[in-house]
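Next up, final-v4.cif (mmCIF, C-alpha atoms):
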data_final
loop_
_atom_site.group_PDB
_atom_site.id
_atom_site.type_symbol
_atom_site.label_atom_id
_atom_site.label_comp_id
_atom_site.auth_asym_id
_atom_site.auth_seq_id
_atom_site.Cartn_x
_atom_site.Cartn_y
_atom_site.Cartn_z
ATOM 1 C CA MET A 72 2.838 -81.918 -50.715
ATOM 2 C CA GLU A 73 -0.625 -80.870 -49.588
ATOM 3 C CA SER A 74 -1.763 -77.335 -50.174
ATOM 4 C CA ALA A 75 -3.854 -75.484 -47.676
ATOM 5 C CA GLN A 76 -7.335 -74.651 -48.775
ATOM 6 C CA VAL A 77 -7.763 -70.928 -49.129
ATOM 7 C CA PRO A 78 -11.300 -69.805 -48.387
ATOM 8 C CA LYS A 79 -13.095 -67.824 -51.053
ATOM 9 C CA SER A 80 -13.184 -64.106 -50.412
ATOM 10 C CA ASP A 81 -16.938 -64.260 -49.820
ATOM 11 C CA SER A 82 -16.878 -67.359 -47.605
ATOM 12 C CA PHE A 83 -17.732 -65.321 -44.492
ATOM 13 C CA ALA A 84 -20.399 -63.260 -46.239
ATOM 14 C CA ASN A 85 -23.068 -65.941 -45.767
ATOM 15 C CA VAL A 86 -22.559 -66.489 -42.035
ATOM 16 C CA THR A 87 -25.712 -65.477 -40.195
ATOM 17 C CA ALA A 88 -26.741 -64.858 -36.607
ATOM 18 C CA ASP A 89 -28.516 -68.216 -36.777
ATOM 19 C CA ASP A 90 -25.182 -69.917 -37.561
ATOM 20 C CA VAL A 91 -23.561 -68.226 -34.562
ATOM 21 C CA ALA A 92 -26.521 -69.166 -32.356
ATOM 22 C CA ALA A 93 -26.255 -72.817 -33.376
ATOM 23 C CA SER A 94 -22.495 -72.841 -32.800
ATOM 24 C CA ALA A 95 -22.790 -71.167 -29.384
ATOM 25 C CA GLY A 96 -25.857 -73.135 -28.322
ATOM 26 C CA VAL A 97 -27.986 -70.027 -27.764
ATOM 27 C CA SER A 98 -30.930 -68.352 -29.439
ATOM 28 C CA ARG A 99 -30.657 -65.892 -32.314
ATOM 29 C CA TRP A 100 -31.954 -63.163 -29.977
ATOM 30 C CA THR A 101 -29.100 -63.866 -27.580
ATOM 31 C CA VAL A 102 -26.656 -63.368 -30.452
ATOM 32 C CA ASN A 103 -28.293 -60.019 -31.235
ATOM 33 C CA ARG A 104 -28.100 -58.934 -27.584
ATOM 34 C CA ALA A 105 -24.437 -59.963 -27.364
ATOM 35 C CA PHE A 106 -23.549 -57.328 -29.954
ATOM 36 C CA LYS A 107 -25.399 -54.507 -28.156
ATOM 37 C CA LYS A 108 -23.425 -52.614 -25.524
ATOM 38 C CA ASP A 109 -26.139 -52.189 -22.915
ATOM 39 C CA ALA A 110 -28.134 -55.359 -23.536
ATOM 40 C CA SER A 111 -29.039 -57.677 -20.687
ATOM 41 C CA ILE A 112 -26.754 -60.695 -21.140
ATOM 42 C CA SER A 113 -24.361 -62.493 -18.810
ATOM 43 C CA PRO A 114 -20.628 -62.010 -19.396
ATOM 44 C CA LYS A 115 -20.216 -65.784 -19.792
ATOM 45 C CA THR A 116 -22.891 -66.015 -22.485
ATOM 46 C CA ARG A 117 -21.581 -62.917 -24.280
ATOM 47 C CA ALA A 118 -18.066 -64.449 -24.330
ATOM 48 C CA LYS A 119 -19.455 -67.722 -25.745
ATOM 49 C CA VAL A 120 -21.326 -65.856 -28.503
ATOM 50 C CA MET A 121 -18.347 -63.656 -29.346
ATOM 51 C CA SER A 122 -16.052 -66.660 -29.546
ATOM 52 C CA ALA A 123 -18.436 -68.449 -31.930
ATOM 53 C CA ALA A 124 -18.813 -65.267 -34.002
ATOM 54 C CA GLN A 125 -15.054 -64.849 -34.279
ATOM 55 C CA THR A 126 -14.547 -68.484 -35.236
ATOM 56 C CA LEU A 127 -17.211 -68.252 -37.946
ATOM 57 C CA GLY A 128 -16.166 -64.790 -39.109
ATOM 58 C CA TYR A 129 -19.547 -63.273 -38.303
ATOM 59 C CA VAL A 130 -20.198 -59.554 -38.002
ATOM 60 C CA PRO A 131 -23.678 -58.063 -37.648
ATOM 61 C CA ASP A 132 -25.192 -56.428 -40.717
ATOM 62 C CA LEU A 133 -25.779 -52.849 -39.567
ATOM 63 C CA SER A 134 -28.092 -52.115 -42.493
ATOM 64 C CA ALA A 135 -30.337 -55.017 -41.552
ATOM 65 C CA ALA A 136 -30.303 -53.950 -37.895
ATOM 66 C CA ALA A 137 -31.313 -50.420 -38.896
ATOM 67 C CA LEU A 138 -34.248 -51.774 -40.905
ATOM 68 C CA ALA A 139 -35.431 -53.744 -37.894
ATOM 69 C CA SER A 140 -35.393 -50.684 -35.626
ATOM 70 C CA THR A 141 -36.080 -46.988 -35.810
ATOM 71 C CA ARG A 142 -32.390 -46.106 -35.434
ATOM 72 C CA SER A 143 -29.441 -46.416 -37.770
ATOM 73 C CA ASN A 144 -26.825 -44.773 -35.487
ATOM 74 C CA LEU A 145 -25.772 -42.846 -38.575
ATOM 75 C CA VAL A 146 -25.393 -39.068 -38.786
ATOM 76 C CA ALA A 147 -25.046 -37.341 -42.150
ATOM 77 C CA LEU A 148 -22.532 -34.481 -42.231
ATOM 78 C CA LEU A 149 -22.981 -32.184 -45.217
ATOM 79 C CA ILE A 150 -20.093 -29.766 -45.635
ATOM 80 C CA ASP A 151 -19.722 -27.016 -48.218
ATOM 81 C CA ASP A 152 -16.049 -26.055 -47.951
ATOM 82 C CA PHE A 153 -13.237 -28.526 -47.347
ATOM 83 C CA ALA A 154 -10.655 -25.845 -48.127
ATOM 84 C CA ASN A 155 -11.447 -24.120 -44.844
ATOM 85 C CA PRO A 156 -8.976 -25.478 -42.235
ATOM 86 C CA HIS A 157 -11.275 -24.456 -39.358
ATOM 87 C CA LYS A 158 -14.002 -26.731 -40.689
ATOM 88 C CA LEU A 159 -11.585 -29.631 -40.901
ATOM 89 C CA VAL A 160 -10.565 -29.226 -37.250
ATOM 90 C CA MET A 161 -14.206 -28.990 -36.225
ATOM 91 C CA LEU A 162 -15.048 -32.019 -38.373
ATOM 92 C CA GLU A 163 -12.297 -34.084 -36.742
ATOM 93 C CA ARG A 164 -13.569 -33.229 -33.259
ATOM 94 C CA LEU A 165 -17.213 -33.727 -34.134
ATOM 95 C CA THR A 166 -16.647 -37.153 -35.697
ATOM 96 C CA ARG A 167 -14.509 -38.203 -32.737
ATOM 97 C CA ALA A 168 -17.266 -37.164 -30.302
ATOM 98 C CA LEU A 169 -19.915 -38.955 -32.348
ATOM 99 C CA ARG A 170 -17.829 -42.168 -32.592
ATOM 100 C CA SER A 171 -17.209 -42.195 -28.841
ATOM 101 C CA ARG A 172 -20.985 -42.288 -28.370
ATOM 102 C CA GLY A 173 -21.603 -45.061 -30.910
ATOM 103 C CA TRP A 174 -22.577 -42.932 -33.912
ATOM 104 C CA ASP A 175 -21.117 -43.409 -37.380
ATOM 105 C CA THR A 176 -21.011 -40.650 -39.967
ATOM 106 C CA LEU A 177 -21.874 -40.284 -43.606
ATOM 107 C CA LEU A 178 -19.722 -37.488 -45.001
ATOM 108 C CA VAL A 179 -21.074 -35.584 -47.995
ATOM 109 C CA ASN A 180 -19.187 -32.824 -49.778
ATOM 110 C CA THR A 181 -21.710 -30.389 -51.217
ATOM 111 C CA LEU A 182 -19.898 -28.995 -54.200
ATOM 112 C CA ASP A 183 -21.964 -25.826 -54.578
ATOM 113 C CA ARG A 184 -25.436 -24.481 -53.826
ATOM 114 C CA ASP A 185 -26.949 -26.421 -56.751
ATOM 115 C CA ASP A 186 -25.576 -29.647 -55.290
ATOM 116 C CA THR A 187 -27.171 -29.083 -51.892
ATOM 117 C CA GLN A 188 -30.636 -30.473 -52.717
ATOM 118 C CA PRO A 189 -29.304 -33.724 -54.270
ATOM 119 C CA ALA A 190 -26.952 -34.129 -51.291
ATOM 120 C CA LEU A 191 -29.834 -33.694 -48.828
ATOM 121 C CA LEU A 192 -31.923 -36.191 -50.778
ATOM 122 C CA ASN A 193 -29.036 -38.667 -50.773
ATOM 123 C CA ALA A 194 -28.674 -38.337 -46.998
ATOM 124 C CA SER A 195 -32.418 -38.751 -46.401
ATOM 125 C CA GLN A 196 -32.495 -41.944 -48.471
ATOM 126 C CA ARG A 197 -29.935 -43.549 -46.163
ATOM 127 C CA ARG A 198 -32.183 -43.401 -43.087
ATOM 128 C CA VAL A 199 -29.848 -41.260 -41.050
ATOM 129 C CA ASP A 200 -30.873 -40.383 -37.491
ATOM 130 C CA ALA A 201 -29.688 -36.793 -37.822
ATOM 131 C CA THR A 202 -28.304 -34.485 -40.471
ATOM 132 C CA ILE A 203 -25.791 -31.778 -39.634
ATOM 133 C CA LEU A 204 -25.263 -29.043 -42.202
ATOM 134 C CA ILE A 205 -21.927 -27.270 -41.884
ATOM 135 C CA GLY A 206 -21.522 -24.206 -44.041
ATOM 136 C CA ILE A 207 -22.941 -20.955 -45.274
ATOM 137 C CA GLN A 208 -24.786 -22.170 -48.370
ATOM 138 C CA PHE A 209 -27.499 -23.873 -46.304
ATOM 139 C CA ASP A 210 -30.030 -21.038 -46.206
ATOM 140 C CA ASP A 211 -33.642 -21.149 -45.021
ATOM 141 C CA GLU A 212 -34.900 -21.947 -48.535
ATOM 142 C CA VAL A 213 -32.761 -25.100 -48.578
ATOM 143 C CA LEU A 214 -33.913 -26.001 -45.061
ATOM 144 C CA ALA A 215 -37.586 -25.490 -45.960
ATOM 145 C CA THR A 216 -37.209 -27.870 -48.909
ATOM 146 C CA ALA A 217 -35.520 -30.422 -46.656
ATOM 147 C CA HIS A 218 -38.323 -30.206 -44.109
ATOM 148 C CA ARG A 219 -41.029 -30.557 -46.776
ATOM 149 C CA ALA A 220 -39.481 -33.918 -47.653
ATOM 150 C CA ARG A 221 -40.139 -34.975 -44.001
ATOM 151 C CA ARG A 222 -37.331 -37.489 -44.177
ATOM 152 C CA PHE A 223 -35.094 -36.037 -41.480
ATOM 153 C CA LYS A 224 -35.486 -36.922 -37.830
ATOM 154 C CA LYS A 225 -33.259 -34.054 -36.748
ATOM 155 C CA LEU A 226 -31.835 -31.290 -38.894
ATOM 156 C CA ILE A 227 -29.013 -29.273 -37.349
ATOM 157 C CA ILE A 228 -27.297 -26.340 -38.991
ATOM 158 C CA PHE A 229 -23.874 -25.364 -37.733
ATOM 159 C CA ALA A 230 -22.118 -21.995 -38.135
ATOM 160 C CA ARG A 231 -25.217 -20.242 -39.435
ATOM 161 C CA GLN A 232 -28.411 -18.765 -38.015
ATOM 162 C CA SER A 233 -31.726 -20.115 -39.200
ATOM 163 C CA GLN A 234 -35.231 -18.770 -38.719
ATOM 164 C CA ASN A 235 -36.705 -22.192 -39.504
ATOM 165 C CA PRO A 236 -38.458 -23.372 -36.309
ATOM 166 C CA ASP A 237 -37.893 -27.063 -37.142
ATOM 167 C CA THR A 238 -34.123 -26.670 -37.328
ATOM 168 C CA ILE A 239 -31.587 -26.590 -34.544
ATOM 169 C CA SER A 240 -29.211 -23.741 -35.301
ATOM 170 C CA ILE A 241 -25.762 -23.527 -33.708
ATOM 171 C CA ALA A 242 -23.995 -20.269 -34.476
ATOM 172 C CA VAL A 243 -22.263 -17.264 -33.017
ATOM 173 C CA ASP A 244 -24.394 -14.162 -32.596
ATOM 174 C CA ASP A 245 -22.234 -11.888 -34.763
ATOM 175 C CA GLU A 246 -24.058 -8.701 -33.779
ATOM 176 C CA ALA A 247 -23.737 -9.330 -30.045
ATOM 177 C CA ALA A 248 -20.088 -10.372 -30.475
ATOM 178 C CA THR A 249 -19.362 -7.181 -32.440
ATOM 179 C CA ARG A 250 -21.029 -5.047 -29.754
ATOM 180 C CA GLU A 251 -19.009 -6.792 -27.055
ATOM 181 C CA ILE A 252 -15.717 -6.310 -28.942
ATOM 182 C CA THR A 253 -16.560 -2.659 -29.588
ATOM 183 C CA ALA A 254 -17.395 -2.068 -25.929
ATOM 184 C CA TYR A 255 -14.168 -3.730 -24.858
ATOM 185 C CA VAL A 256 -12.058 -1.645 -27.232
#

For the file at hand, write its structure as structure tokens.
Amino acid sequence: MESAQVPKSDSFANVTADDVAASAGVSRWTVNRAFKKDASISPKTRAKVMSAAQTLGYVPDLSAAALASTRSNLVALLIDDFANPHKLVMLERLTRALRSRGWDTLLVNTLDRDDTQPALLNASQRRVDATILIGIQFDDEVLATAHRARRFKKLIIFARQSQNPDTISIAVDDEAATREITAYV
């Protein structure tokens, strides 16, 4: 009785774009283009590359691709309060919208105000394309420190006003809303 050979768990880990290119009879650059949505490549060639990739068990290394370009397609989401059900609904919708546009997310739970700086540093070290801060503990002092590090391409603060000119702030104008409610009543 012959036993089937079971591949080692890391047998696919060493498959490279060069291996796929050789198998498909194309260049390495064609393999790279085949995995990009809007790249210029014929459907026939893309199908040939994808078939070879599937056979070999190849998937592109997103970290390596990010090093070779200026974009990682990664957005850091720093959140200060997972107990708030409104934030969870917003988080679900935000991540869905980001995914539909090809962005992945790095989710960081900032435990308290003292944890905010290490969390921002952690996000900046991962070469994210944008950082979205969701919560009330992200004040202008925290934002100023983040900007001094100059490691963020875009810094967006959600659900809070900021006077920092280098930050995109998305929030409700509480004073105007209160005036409008008062006038209505």

Worksheet item: Which of these, A:Leu149, A:Ser113, A:Gln232, A:Ser171, has the shortest distance to A:Leu192 once you count only C-alpha atoms?
Response: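 Closest to A:Leu192, using only C-alpha atoms: A:Leu149.
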
Practice prompt. To one decimal in Å, tell me the separation between atom CA of A:Arg250 and atom CA of A:Ser233.
Written response: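 Distance between the two atoms: 20.8 Å.
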
Practice prompt. Report the residues retrieved by the PyMOL selection byres ((chain A and resi 185-190) around 12) from the displayed file, expressed as a PyMOL selection string.
Written response: chain A and resi 147-151+177-184+191-197+202-210+212-220

Practice prompt. Would you list the contacts of stretch 117-133 of chain A as a list in words, taking every protein, DNA or RNA residue within 6 Å and counting all atoms listed in the file, but skipping same-chain residues closer than 5 positions in sequence?
Written response: Phe83, Val86, Val91, Ala95 and Ala105 of chain A

Work out where the centre of an axis-aligned box around every listed atom of stretch 171-176 of chain A lies and how long its edges are once 8 Å is added on each side; give both in Å to one decimal as lines of an AutoDock Vina configuration file.
center_x = -19.9
center_y = -42.9
center_z = -34.2
size_x = 21.4
size_y = 20.4
size_z = 27.6

Item to complete: Provide the atom CA of A:Leu162 to atom CA of A:Asp109 distance in Å, to one decimal place.
Response: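 Computing the Euclidean distance for atom CA of A:Leu162 and atom CA of A:Asp109 yields 27.7 Å.
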
Worksheet entry | Atomic separation - atom CA of A:Arg142 relative to atom CA of A:Asn103, Å |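 Result for atom CA of A:Asn103 versus atom CA of A:Arg142: 15.1 Å, one decimal.
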
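Of the residues listed (A:Val243, A:Val102, A:Val146, A:Leu159), A:Val243 shows the shortest atom-to-atom separation from A:Phe229; distances use all atoms listed in the file.
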
Worksheet entry | Residue contacts of A:Leu226 (8 Å, only C-alpha atoms) excluding same-chain residues fewer than 2 positions away, as a PyMOL selection string | chain A and resi 201-204+223-224+228+237-239

Practice prompt. Evaluate the PyMOL selection byres ((chain A and resi 175) around 10) on the structure here and hand back the selected residues as a PyMOL selection string.
Written response: chain A and resi 143-147+166-167+169-174+176-178+199
